[in-house]
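Pasting model-v8.cif here (mmCIF, N, CA and C atoms):
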data_my_file
loop_
_atom_site.label_atom_id
_atom_site.label_comp_id
_atom_site.auth_asym_id
_atom_site.auth_seq_id
_atom_site.Cartn_x
_atom_site.Cartn_y
_atom_site.Cartn_z
N ALA A 4 -26.87 -44.20 16.49
CA ALA A 4 -28.20 -43.77 16.08
C ALA A 4 -28.55 -42.49 16.81
N ILE A 5 -29.31 -41.68 16.14
CA ILE A 5 -29.69 -40.38 16.71
C ILE A 5 -31.07 -40.52 17.34
N ALA A 6 -31.21 -39.98 18.53
CA ALA A 6 -32.45 -40.05 19.29
C ALA A 6 -33.50 -39.14 18.67
N PRO A 7 -34.69 -39.12 19.23
CA PRO A 7 -35.77 -38.29 18.69
C PRO A 7 -35.35 -36.83 18.57
N VAL A 8 -35.97 -36.18 17.62
CA VAL A 8 -35.68 -34.78 17.34
C VAL A 8 -36.41 -33.90 18.34
N VAL A 9 -35.72 -32.89 18.83
CA VAL A 9 -36.32 -31.93 19.74
C VAL A 9 -36.48 -30.64 18.97
N ALA A 10 -37.71 -30.18 18.80
CA ALA A 10 -37.96 -28.94 18.07
C ALA A 10 -37.92 -27.78 19.03
N LEU A 11 -37.22 -26.74 18.65
CA LEU A 11 -37.09 -25.55 19.48
C LEU A 11 -37.68 -24.35 18.75
N GLY A 12 -38.25 -23.42 19.47
CA GLY A 12 -38.63 -22.15 18.89
C GLY A 12 -37.36 -21.33 18.82
N THR A 13 -36.81 -21.16 17.62
CA THR A 13 -35.49 -20.57 17.50
C THR A 13 -35.34 -19.66 16.30
N ALA A 14 -34.13 -19.42 15.91
CA ALA A 14 -33.70 -18.34 15.01
C ALA A 14 -34.63 -18.01 13.86
N SER A 15 -34.74 -16.74 13.57
CA SER A 15 -35.75 -16.28 12.64
C SER A 15 -35.37 -16.34 11.17
N MET A 16 -34.16 -16.12 10.80
CA MET A 16 -33.78 -16.14 9.39
C MET A 16 -32.65 -17.14 9.20
N PHE A 17 -32.65 -17.82 8.06
CA PHE A 17 -31.64 -18.84 7.81
C PHE A 17 -31.11 -18.76 6.39
N ALA A 18 -30.06 -19.53 6.07
CA ALA A 18 -29.38 -19.40 4.79
C ALA A 18 -29.58 -20.59 3.89
N THR A 19 -29.88 -20.34 2.64
CA THR A 19 -30.03 -21.42 1.68
C THR A 19 -28.66 -21.99 1.37
N PHE A 20 -28.66 -23.24 0.98
CA PHE A 20 -27.40 -23.85 0.61
C PHE A 20 -27.58 -24.52 -0.73
N GLY A 21 -26.57 -24.41 -1.57
CA GLY A 21 -26.62 -25.01 -2.89
C GLY A 21 -26.26 -26.46 -2.85
N SER A 22 -26.90 -27.26 -3.69
CA SER A 22 -26.59 -28.67 -3.70
C SER A 22 -25.30 -28.95 -4.48
N ALA A 23 -24.96 -28.11 -5.45
CA ALA A 23 -23.77 -28.34 -6.24
C ALA A 23 -22.50 -27.89 -5.51
N SER A 24 -22.57 -26.76 -4.82
CA SER A 24 -21.40 -26.28 -4.10
C SER A 24 -21.82 -25.83 -2.71
N ALA A 25 -20.91 -25.98 -1.79
CA ALA A 25 -21.21 -25.63 -0.40
C ALA A 25 -21.22 -24.11 -0.25
N GLN A 26 -22.26 -23.60 0.37
CA GLN A 26 -22.39 -22.17 0.62
C GLN A 26 -22.16 -21.92 2.10
N THR A 27 -21.42 -20.88 2.40
CA THR A 27 -21.13 -20.53 3.79
C THR A 27 -22.42 -20.13 4.50
N VAL A 28 -22.69 -20.77 5.65
CA VAL A 28 -23.88 -20.44 6.45
C VAL A 28 -23.49 -19.76 7.75
N GLY A 29 -22.18 -19.68 8.03
CA GLY A 29 -21.71 -19.03 9.24
C GLY A 29 -20.20 -18.99 9.28
N ARG A 30 -19.67 -18.44 10.39
CA ARG A 30 -18.22 -18.35 10.59
C ARG A 30 -17.90 -18.54 12.07
N THR A 31 -16.69 -18.96 12.34
CA THR A 31 -16.24 -19.03 13.72
C THR A 31 -15.92 -17.62 14.20
N THR A 32 -16.38 -17.27 15.40
CA THR A 32 -16.10 -15.93 15.94
C THR A 32 -15.11 -16.00 17.10
N SER A 33 -14.95 -17.18 17.68
CA SER A 33 -13.91 -17.38 18.70
C SER A 33 -13.49 -18.84 18.64
N VAL A 34 -12.22 -19.06 18.92
CA VAL A 34 -11.66 -20.42 18.88
C VAL A 34 -10.60 -20.53 19.96
N LYS A 35 -10.73 -21.53 20.82
CA LYS A 35 -9.66 -21.88 21.75
C LYS A 35 -8.99 -23.11 21.15
N PRO A 36 -7.67 -23.22 21.24
CA PRO A 36 -6.98 -24.34 20.58
C PRO A 36 -7.65 -25.68 20.85
N GLY A 37 -7.65 -26.51 19.81
CA GLY A 37 -8.27 -27.82 19.92
C GLY A 37 -9.63 -27.87 19.25
N VAL A 38 -9.85 -27.02 18.21
CA VAL A 38 -11.11 -27.01 17.46
C VAL A 38 -10.82 -27.44 16.03
N PHE A 39 -11.70 -28.32 15.50
CA PHE A 39 -11.50 -28.87 14.17
C PHE A 39 -12.80 -28.82 13.37
N ARG A 40 -12.67 -28.54 12.09
CA ARG A 40 -13.79 -28.58 11.15
C ARG A 40 -13.46 -29.66 10.14
N ASN A 41 -14.25 -30.72 10.13
CA ASN A 41 -14.01 -31.85 9.24
C ASN A 41 -12.56 -32.33 9.36
N SER A 42 -12.09 -32.45 10.60
CA SER A 42 -10.76 -32.96 10.98
C SER A 42 -9.60 -31.99 10.74
N ALA A 43 -9.86 -30.80 10.21
CA ALA A 43 -8.79 -29.81 9.99
C ALA A 43 -8.86 -28.74 11.08
N PRO A 44 -7.70 -28.28 11.58
CA PRO A 44 -7.71 -27.23 12.60
C PRO A 44 -8.43 -25.97 12.10
N VAL A 45 -9.06 -25.27 13.04
CA VAL A 45 -9.88 -24.10 12.72
C VAL A 45 -9.30 -22.85 13.37
N ALA A 46 -9.40 -21.73 12.66
CA ALA A 46 -9.01 -20.42 13.18
C ALA A 46 -10.24 -19.51 13.21
N VAL A 47 -10.13 -18.40 13.91
CA VAL A 47 -11.22 -17.42 13.94
C VAL A 47 -11.49 -16.95 12.51
N GLY A 48 -12.77 -16.86 12.17
CA GLY A 48 -13.18 -16.42 10.84
C GLY A 48 -13.35 -17.54 9.84
N ALA A 49 -13.10 -18.78 10.25
CA ALA A 49 -13.24 -19.91 9.34
C ALA A 49 -14.70 -20.07 8.93
N PRO A 50 -14.97 -20.38 7.66
CA PRO A 50 -16.35 -20.58 7.21
C PRO A 50 -16.93 -21.88 7.75
N VAL A 51 -18.24 -21.89 7.89
CA VAL A 51 -18.99 -23.08 8.28
C VAL A 51 -20.04 -23.31 7.20
N VAL A 52 -20.16 -24.53 6.72
CA VAL A 52 -21.13 -24.86 5.68
C VAL A 52 -21.98 -26.05 6.14
N THR A 53 -23.09 -26.25 5.46
CA THR A 53 -23.94 -27.40 5.75
C THR A 53 -23.13 -28.68 5.61
N ASP A 54 -23.37 -29.62 6.48
CA ASP A 54 -22.70 -30.93 6.55
C ASP A 54 -21.35 -30.88 7.24
N ASP A 55 -20.93 -29.71 7.73
CA ASP A 55 -19.68 -29.64 8.48
C ASP A 55 -19.81 -30.38 9.81
N LEU A 56 -18.73 -31.06 10.20
CA LEU A 56 -18.63 -31.67 11.51
C LEU A 56 -17.61 -30.88 12.30
N MET A 57 -18.05 -30.25 13.38
CA MET A 57 -17.18 -29.47 14.26
C MET A 57 -16.81 -30.33 15.45
N ASN A 58 -15.52 -30.42 15.76
CA ASN A 58 -15.03 -31.21 16.89
C ASN A 58 -14.18 -30.32 17.79
N THR A 59 -14.27 -30.57 19.08
CA THR A 59 -13.39 -29.91 20.04
C THR A 59 -12.74 -30.98 20.89
N ASP A 60 -11.46 -30.76 21.23
CA ASP A 60 -10.81 -31.70 22.14
C ASP A 60 -11.13 -31.29 23.58
N VAL A 61 -10.46 -31.88 24.54
CA VAL A 61 -10.80 -31.63 25.95
C VAL A 61 -10.57 -30.19 26.39
N GLN A 62 -9.79 -29.41 25.63
CA GLN A 62 -9.58 -28.00 25.95
C GLN A 62 -10.18 -27.06 24.91
N GLY A 63 -10.63 -27.60 23.79
CA GLY A 63 -11.16 -26.78 22.70
C GLY A 63 -12.53 -26.21 23.02
N ARG A 64 -12.81 -25.09 22.38
CA ARG A 64 -14.10 -24.41 22.55
C ARG A 64 -14.24 -23.44 21.39
N THR A 65 -15.44 -23.30 20.84
CA THR A 65 -15.64 -22.36 19.73
C THR A 65 -17.04 -21.78 19.75
N ASN A 66 -17.17 -20.64 19.11
CA ASN A 66 -18.47 -20.00 18.90
C ASN A 66 -18.64 -19.82 17.41
N LEU A 67 -19.83 -20.20 16.91
CA LEU A 67 -20.18 -20.00 15.51
C LEU A 67 -21.27 -18.95 15.43
N ARG A 68 -21.15 -18.02 14.51
CA ARG A 68 -22.23 -17.06 14.25
C ARG A 68 -22.75 -17.36 12.84
N PHE A 69 -24.04 -17.68 12.78
CA PHE A 69 -24.67 -17.97 11.50
C PHE A 69 -25.11 -16.68 10.83
N ILE A 70 -25.43 -16.76 9.54
CA ILE A 70 -25.75 -15.54 8.79
C ILE A 70 -27.05 -14.88 9.24
N ASP A 71 -27.85 -15.57 10.03
CA ASP A 71 -29.07 -14.95 10.58
C ASP A 71 -28.78 -14.30 11.94
N GLN A 72 -27.50 -14.26 12.33
CA GLN A 72 -27.02 -13.70 13.59
C GLN A 72 -27.27 -14.60 14.81
N SER A 73 -27.77 -15.83 14.61
CA SER A 73 -27.88 -16.78 15.71
C SER A 73 -26.48 -17.28 16.05
N ASN A 74 -26.31 -17.80 17.26
CA ASN A 74 -25.00 -18.23 17.75
C ASN A 74 -25.06 -19.66 18.27
N LEU A 75 -23.98 -20.38 18.04
CA LEU A 75 -23.82 -21.73 18.56
C LEU A 75 -22.49 -21.80 19.27
N ASP A 76 -22.53 -22.04 20.59
CA ASP A 76 -21.32 -22.25 21.38
C ASP A 76 -21.11 -23.75 21.50
N ILE A 77 -19.91 -24.21 21.20
CA ILE A 77 -19.57 -25.63 21.30
C ILE A 77 -18.49 -25.76 22.37
N GLY A 78 -18.78 -26.57 23.38
CA GLY A 78 -17.88 -26.74 24.51
C GLY A 78 -16.84 -27.82 24.29
N PRO A 79 -15.97 -28.01 25.28
CA PRO A 79 -14.88 -29.00 25.20
C PRO A 79 -15.40 -30.43 25.02
N GLY A 80 -14.63 -31.23 24.29
CA GLY A 80 -14.95 -32.64 24.11
C GLY A 80 -16.23 -32.89 23.35
N SER A 81 -16.53 -32.06 22.35
CA SER A 81 -17.81 -32.15 21.64
C SER A 81 -17.64 -32.47 20.16
N ASP A 82 -18.66 -33.13 19.61
CA ASP A 82 -18.80 -33.36 18.17
C ASP A 82 -20.18 -32.84 17.79
N VAL A 83 -20.23 -31.85 16.90
CA VAL A 83 -21.49 -31.24 16.49
C VAL A 83 -21.52 -31.16 14.97
N LYS A 84 -22.63 -31.63 14.38
CA LYS A 84 -22.77 -31.61 12.92
C LYS A 84 -23.85 -30.61 12.53
N ILE A 85 -23.54 -29.77 11.55
CA ILE A 85 -24.51 -28.83 11.01
C ILE A 85 -25.21 -29.57 9.86
N ASP A 86 -26.35 -30.20 10.17
CA ASP A 86 -27.04 -31.03 9.18
C ASP A 86 -27.70 -30.20 8.09
N ARG A 87 -28.34 -29.10 8.49
CA ARG A 87 -29.09 -28.31 7.53
C ARG A 87 -29.19 -26.89 8.05
N PHE A 88 -29.11 -25.92 7.14
CA PHE A 88 -29.28 -24.52 7.52
C PHE A 88 -29.85 -23.79 6.31
N VAL A 89 -31.04 -23.26 6.45
CA VAL A 89 -31.74 -22.60 5.34
C VAL A 89 -32.04 -21.17 5.75
N TYR A 90 -31.69 -20.23 4.87
CA TYR A 90 -31.87 -18.80 5.17
C TYR A 90 -32.59 -18.10 4.03
N ASN A 91 -33.56 -17.31 4.37
CA ASN A 91 -34.24 -16.45 3.42
C ASN A 91 -34.58 -15.17 4.16
N PRO A 92 -33.97 -14.04 3.79
CA PRO A 92 -34.22 -12.80 4.52
C PRO A 92 -35.68 -12.36 4.50
N ASN A 93 -36.47 -12.88 3.55
CA ASN A 93 -37.89 -12.54 3.49
C ASN A 93 -38.73 -13.39 4.44
N ARG A 94 -38.07 -14.31 5.13
CA ARG A 94 -38.70 -15.18 6.12
C ARG A 94 -39.76 -16.12 5.54
N THR A 95 -39.68 -16.39 4.24
CA THR A 95 -40.60 -17.34 3.65
C THR A 95 -40.08 -18.77 3.78
N THR A 96 -38.79 -18.91 4.02
CA THR A 96 -38.17 -20.20 4.25
C THR A 96 -37.21 -20.06 5.42
N ALA A 97 -37.30 -20.96 6.37
CA ALA A 97 -36.38 -20.93 7.51
C ALA A 97 -36.26 -22.32 8.09
N GLY A 98 -35.07 -22.66 8.51
CA GLY A 98 -34.92 -23.94 9.18
C GLY A 98 -33.47 -24.32 9.38
N ALA A 99 -33.25 -25.11 10.41
CA ALA A 99 -31.92 -25.61 10.70
C ALA A 99 -32.06 -26.92 11.46
N SER A 100 -31.07 -27.76 11.27
CA SER A 100 -31.00 -29.01 12.01
C SER A 100 -29.53 -29.19 12.41
N ILE A 101 -29.31 -29.36 13.71
CA ILE A 101 -27.97 -29.49 14.26
C ILE A 101 -27.94 -30.75 15.11
N SER A 102 -26.94 -31.60 14.90
CA SER A 102 -26.82 -32.84 15.67
C SER A 102 -25.69 -32.73 16.69
N LEU A 103 -26.02 -32.96 17.94
CA LEU A 103 -25.02 -33.05 19.00
C LEU A 103 -24.69 -34.53 19.14
N VAL A 104 -23.55 -34.95 18.59
CA VAL A 104 -23.15 -36.35 18.66
C VAL A 104 -22.67 -36.67 20.07
N LYS A 105 -21.85 -35.76 20.63
CA LYS A 105 -21.41 -35.88 22.02
C LYS A 105 -20.97 -34.51 22.49
N GLY A 106 -20.95 -34.32 23.79
CA GLY A 106 -20.45 -33.08 24.35
C GLY A 106 -21.54 -32.12 24.78
N VAL A 107 -21.22 -30.83 24.62
CA VAL A 107 -22.12 -29.80 25.12
C VAL A 107 -22.20 -28.65 24.12
N LEU A 108 -23.38 -28.06 23.99
CA LEU A 108 -23.54 -26.89 23.13
C LEU A 108 -24.59 -25.96 23.73
N ARG A 109 -24.55 -24.72 23.28
CA ARG A 109 -25.57 -23.73 23.65
C ARG A 109 -25.93 -23.00 22.36
N TYR A 110 -27.23 -22.89 22.07
CA TYR A 110 -27.70 -22.24 20.85
C TYR A 110 -28.58 -21.06 21.22
N ASP A 111 -28.25 -19.89 20.69
CA ASP A 111 -29.06 -18.68 20.88
C ASP A 111 -29.70 -18.38 19.54
N SER A 112 -31.00 -18.59 19.47
CA SER A 112 -31.73 -18.54 18.21
C SER A 112 -32.04 -17.14 17.70
N ARG A 113 -31.96 -16.16 18.56
CA ARG A 113 -32.35 -14.80 18.19
C ARG A 113 -33.82 -14.71 17.83
N GLY A 114 -34.65 -15.57 18.43
CA GLY A 114 -36.11 -15.45 18.31
C GLY A 114 -36.75 -16.08 17.09
N ALA A 115 -36.26 -17.21 16.63
CA ALA A 115 -36.88 -17.90 15.49
C ALA A 115 -38.27 -18.40 15.84
N SER A 116 -39.04 -18.66 14.81
CA SER A 116 -40.39 -19.18 15.03
C SER A 116 -40.33 -20.61 15.58
N ASP A 117 -41.41 -21.03 16.23
CA ASP A 117 -41.48 -22.38 16.80
C ASP A 117 -41.21 -23.44 15.74
N GLY A 118 -40.37 -24.38 16.08
CA GLY A 118 -40.07 -25.49 15.20
C GLY A 118 -39.08 -25.20 14.08
N ALA A 119 -38.57 -23.98 14.00
CA ALA A 119 -37.65 -23.62 12.91
C ALA A 119 -36.30 -24.33 13.04
N VAL A 120 -35.89 -24.63 14.25
CA VAL A 120 -34.59 -25.26 14.47
C VAL A 120 -34.78 -26.56 15.24
N GLN A 121 -34.09 -27.59 14.80
CA GLN A 121 -34.12 -28.87 15.49
C GLN A 121 -32.71 -29.18 15.99
N ILE A 122 -32.64 -29.59 17.25
CA ILE A 122 -31.39 -30.06 17.82
C ILE A 122 -31.55 -31.56 18.04
N ARG A 123 -30.70 -32.33 17.40
CA ARG A 123 -30.77 -33.80 17.53
C ARG A 123 -29.70 -34.25 18.52
N THR A 124 -30.11 -35.10 19.45
CA THR A 124 -29.16 -35.64 20.43
C THR A 124 -29.36 -37.15 20.52
N PRO A 125 -28.27 -37.91 20.72
CA PRO A 125 -28.42 -39.36 20.81
C PRO A 125 -29.07 -39.80 22.12
N THR A 126 -28.62 -39.26 23.24
CA THR A 126 -29.17 -39.66 24.53
C THR A 126 -29.09 -38.51 25.52
N SER A 127 -28.86 -37.32 25.04
CA SER A 127 -28.61 -36.18 25.92
C SER A 127 -29.89 -35.60 26.50
N THR A 128 -29.69 -34.83 27.57
CA THR A 128 -30.77 -34.05 28.16
C THR A 128 -30.66 -32.65 27.61
N LEU A 129 -31.77 -32.06 27.21
CA LEU A 129 -31.77 -30.75 26.60
C LEU A 129 -32.57 -29.80 27.46
N GLY A 130 -32.00 -28.67 27.82
CA GLY A 130 -32.70 -27.65 28.59
C GLY A 130 -33.04 -26.48 27.69
N ILE A 131 -34.26 -26.01 27.76
CA ILE A 131 -34.71 -24.89 26.92
C ILE A 131 -35.14 -23.76 27.83
N ARG A 132 -34.59 -22.57 27.59
CA ARG A 132 -34.96 -21.39 28.38
C ARG A 132 -35.48 -20.33 27.42
N GLY A 133 -36.44 -19.54 27.91
CA GLY A 133 -36.89 -18.37 27.16
C GLY A 133 -38.08 -18.53 26.35
#

Go ahead and render the structure in this file as structure tokens.
Amino acid sequence: AIAPVVALGTASMFATFGSASAQTVGRTTSVKPGVFRNSAPVAVGAPVVTDDLMNTDVQGRTNLRFIDQSNLDIGPGSDVKIDRFVYNPNRTTAGASISLVKGVLRYDSRGASDGAVQIRTPTSTLGIRG
């Protein structure tokens, strides 16, 4: 079960996703061996879409850059799900929801409005700076 949602003041622009087909909302910009997207090995430049589950083994590590230029660093031994990512360059729609199932992550929002991004954690402690 996922613990209460923590709302963060985060990234300003986000990407819409189609319900019929998965639309790319970001890409991997760095990968250390031991990174998987939906159980398949990942290389630099791999697309990331809504509902993707990113996993890292004990040595794996990756950085994702979303289309709004926000960044998500995923550390070793982590499971992170991209639940939702909505982007509109006109800033009339924005939002993201990311679940940290286990492990460690760091998210740089690039200055999104308050409540635009939610990080869900089962029992983790979350530190917010800035």

Need to verify the contact set: A:Arg109, 8 Å, only N, CA and C atoms, exclusion of same-chain residues closer than 6 positions in sequence. Can you return it as a PyMOL selection string? chain A and resi 74-78

When you look at A:Arg30 with a cut-off of 10 Å (counting only C-alpha atoms), what residues show up, excluding the ones that are within fewer than 6 positions of it in the same chain? I need them as a list in words.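 In the requested form, the answer reads Ala46, Val47, Gly48, Ala49, Pro50, Val51, Val52, Asn66, Leu67, Arg68, Phe69, Ile70 and Asn74 of chain A.
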
Mind pulling up the distance from atom CA of A:Thr126 to atom C of A:Gln72? 26.9 Å

For the file shown, what are the residues hit by the PyMOL selection byres ((chain A and resi 35) around 6.5), laid out as a CSV table (one decimal) with N, CA and C atoms, in the coordinates of the input?
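result.csv, freshly written:
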chain,number,residue,atom,x,y,z
A,33,SER,N,-15.0,-17.2,17.7
A,33,SER,CA,-13.9,-17.4,18.7
A,33,SER,C,-13.5,-18.8,18.6
A,34,VAL,N,-12.2,-19.1,18.9
A,34,VAL,CA,-11.7,-20.4,18.9
A,34,VAL,C,-10.6,-20.5,20.0
A,36,PRO,N,-7.7,-23.2,21.2
A,36,PRO,CA,-7.0,-24.3,20.6
A,36,PRO,C,-7.6,-25.7,20.8
A,37,GLY,N,-7.6,-26.5,19.8
A,37,GLY,CA,-8.3,-27.8,19.9
A,37,GLY,C,-9.6,-27.9,19.2
A,38,VAL,N,-9.8,-27.0,18.2
A,38,VAL,CA,-11.1,-27.0,17.5
A,38,VAL,C,-10.8,-27.4,16.0
A,62,GLN,N,-9.8,-29.4,25.6
A,62,GLN,CA,-9.6,-28.0,26.0
A,62,GLN,C,-10.2,-27.1,24.9
A,63,GLY,N,-10.6,-27.6,23.8
A,63,GLY,CA,-11.2,-26.8,22.7
A,63,GLY,C,-12.5,-26.2,23.0
A,64,ARG,N,-12.8,-25.1,22.4
A,64,ARG,CA,-14.1,-24.4,22.6
A,64,ARG,C,-14.2,-23.4,21.4
A,65,THR,N,-15.4,-23.3,20.8
A,65,THR,CA,-15.6,-22.4,19.7
A,65,THR,C,-17.0,-21.8,19.8

Quick one: apply the PyMOL selection byres ((chain A and resi 61) around 6.5) to the file and drop the selected residues here as a ChimeraX atom specification. /A:59-60,62-63,79-81
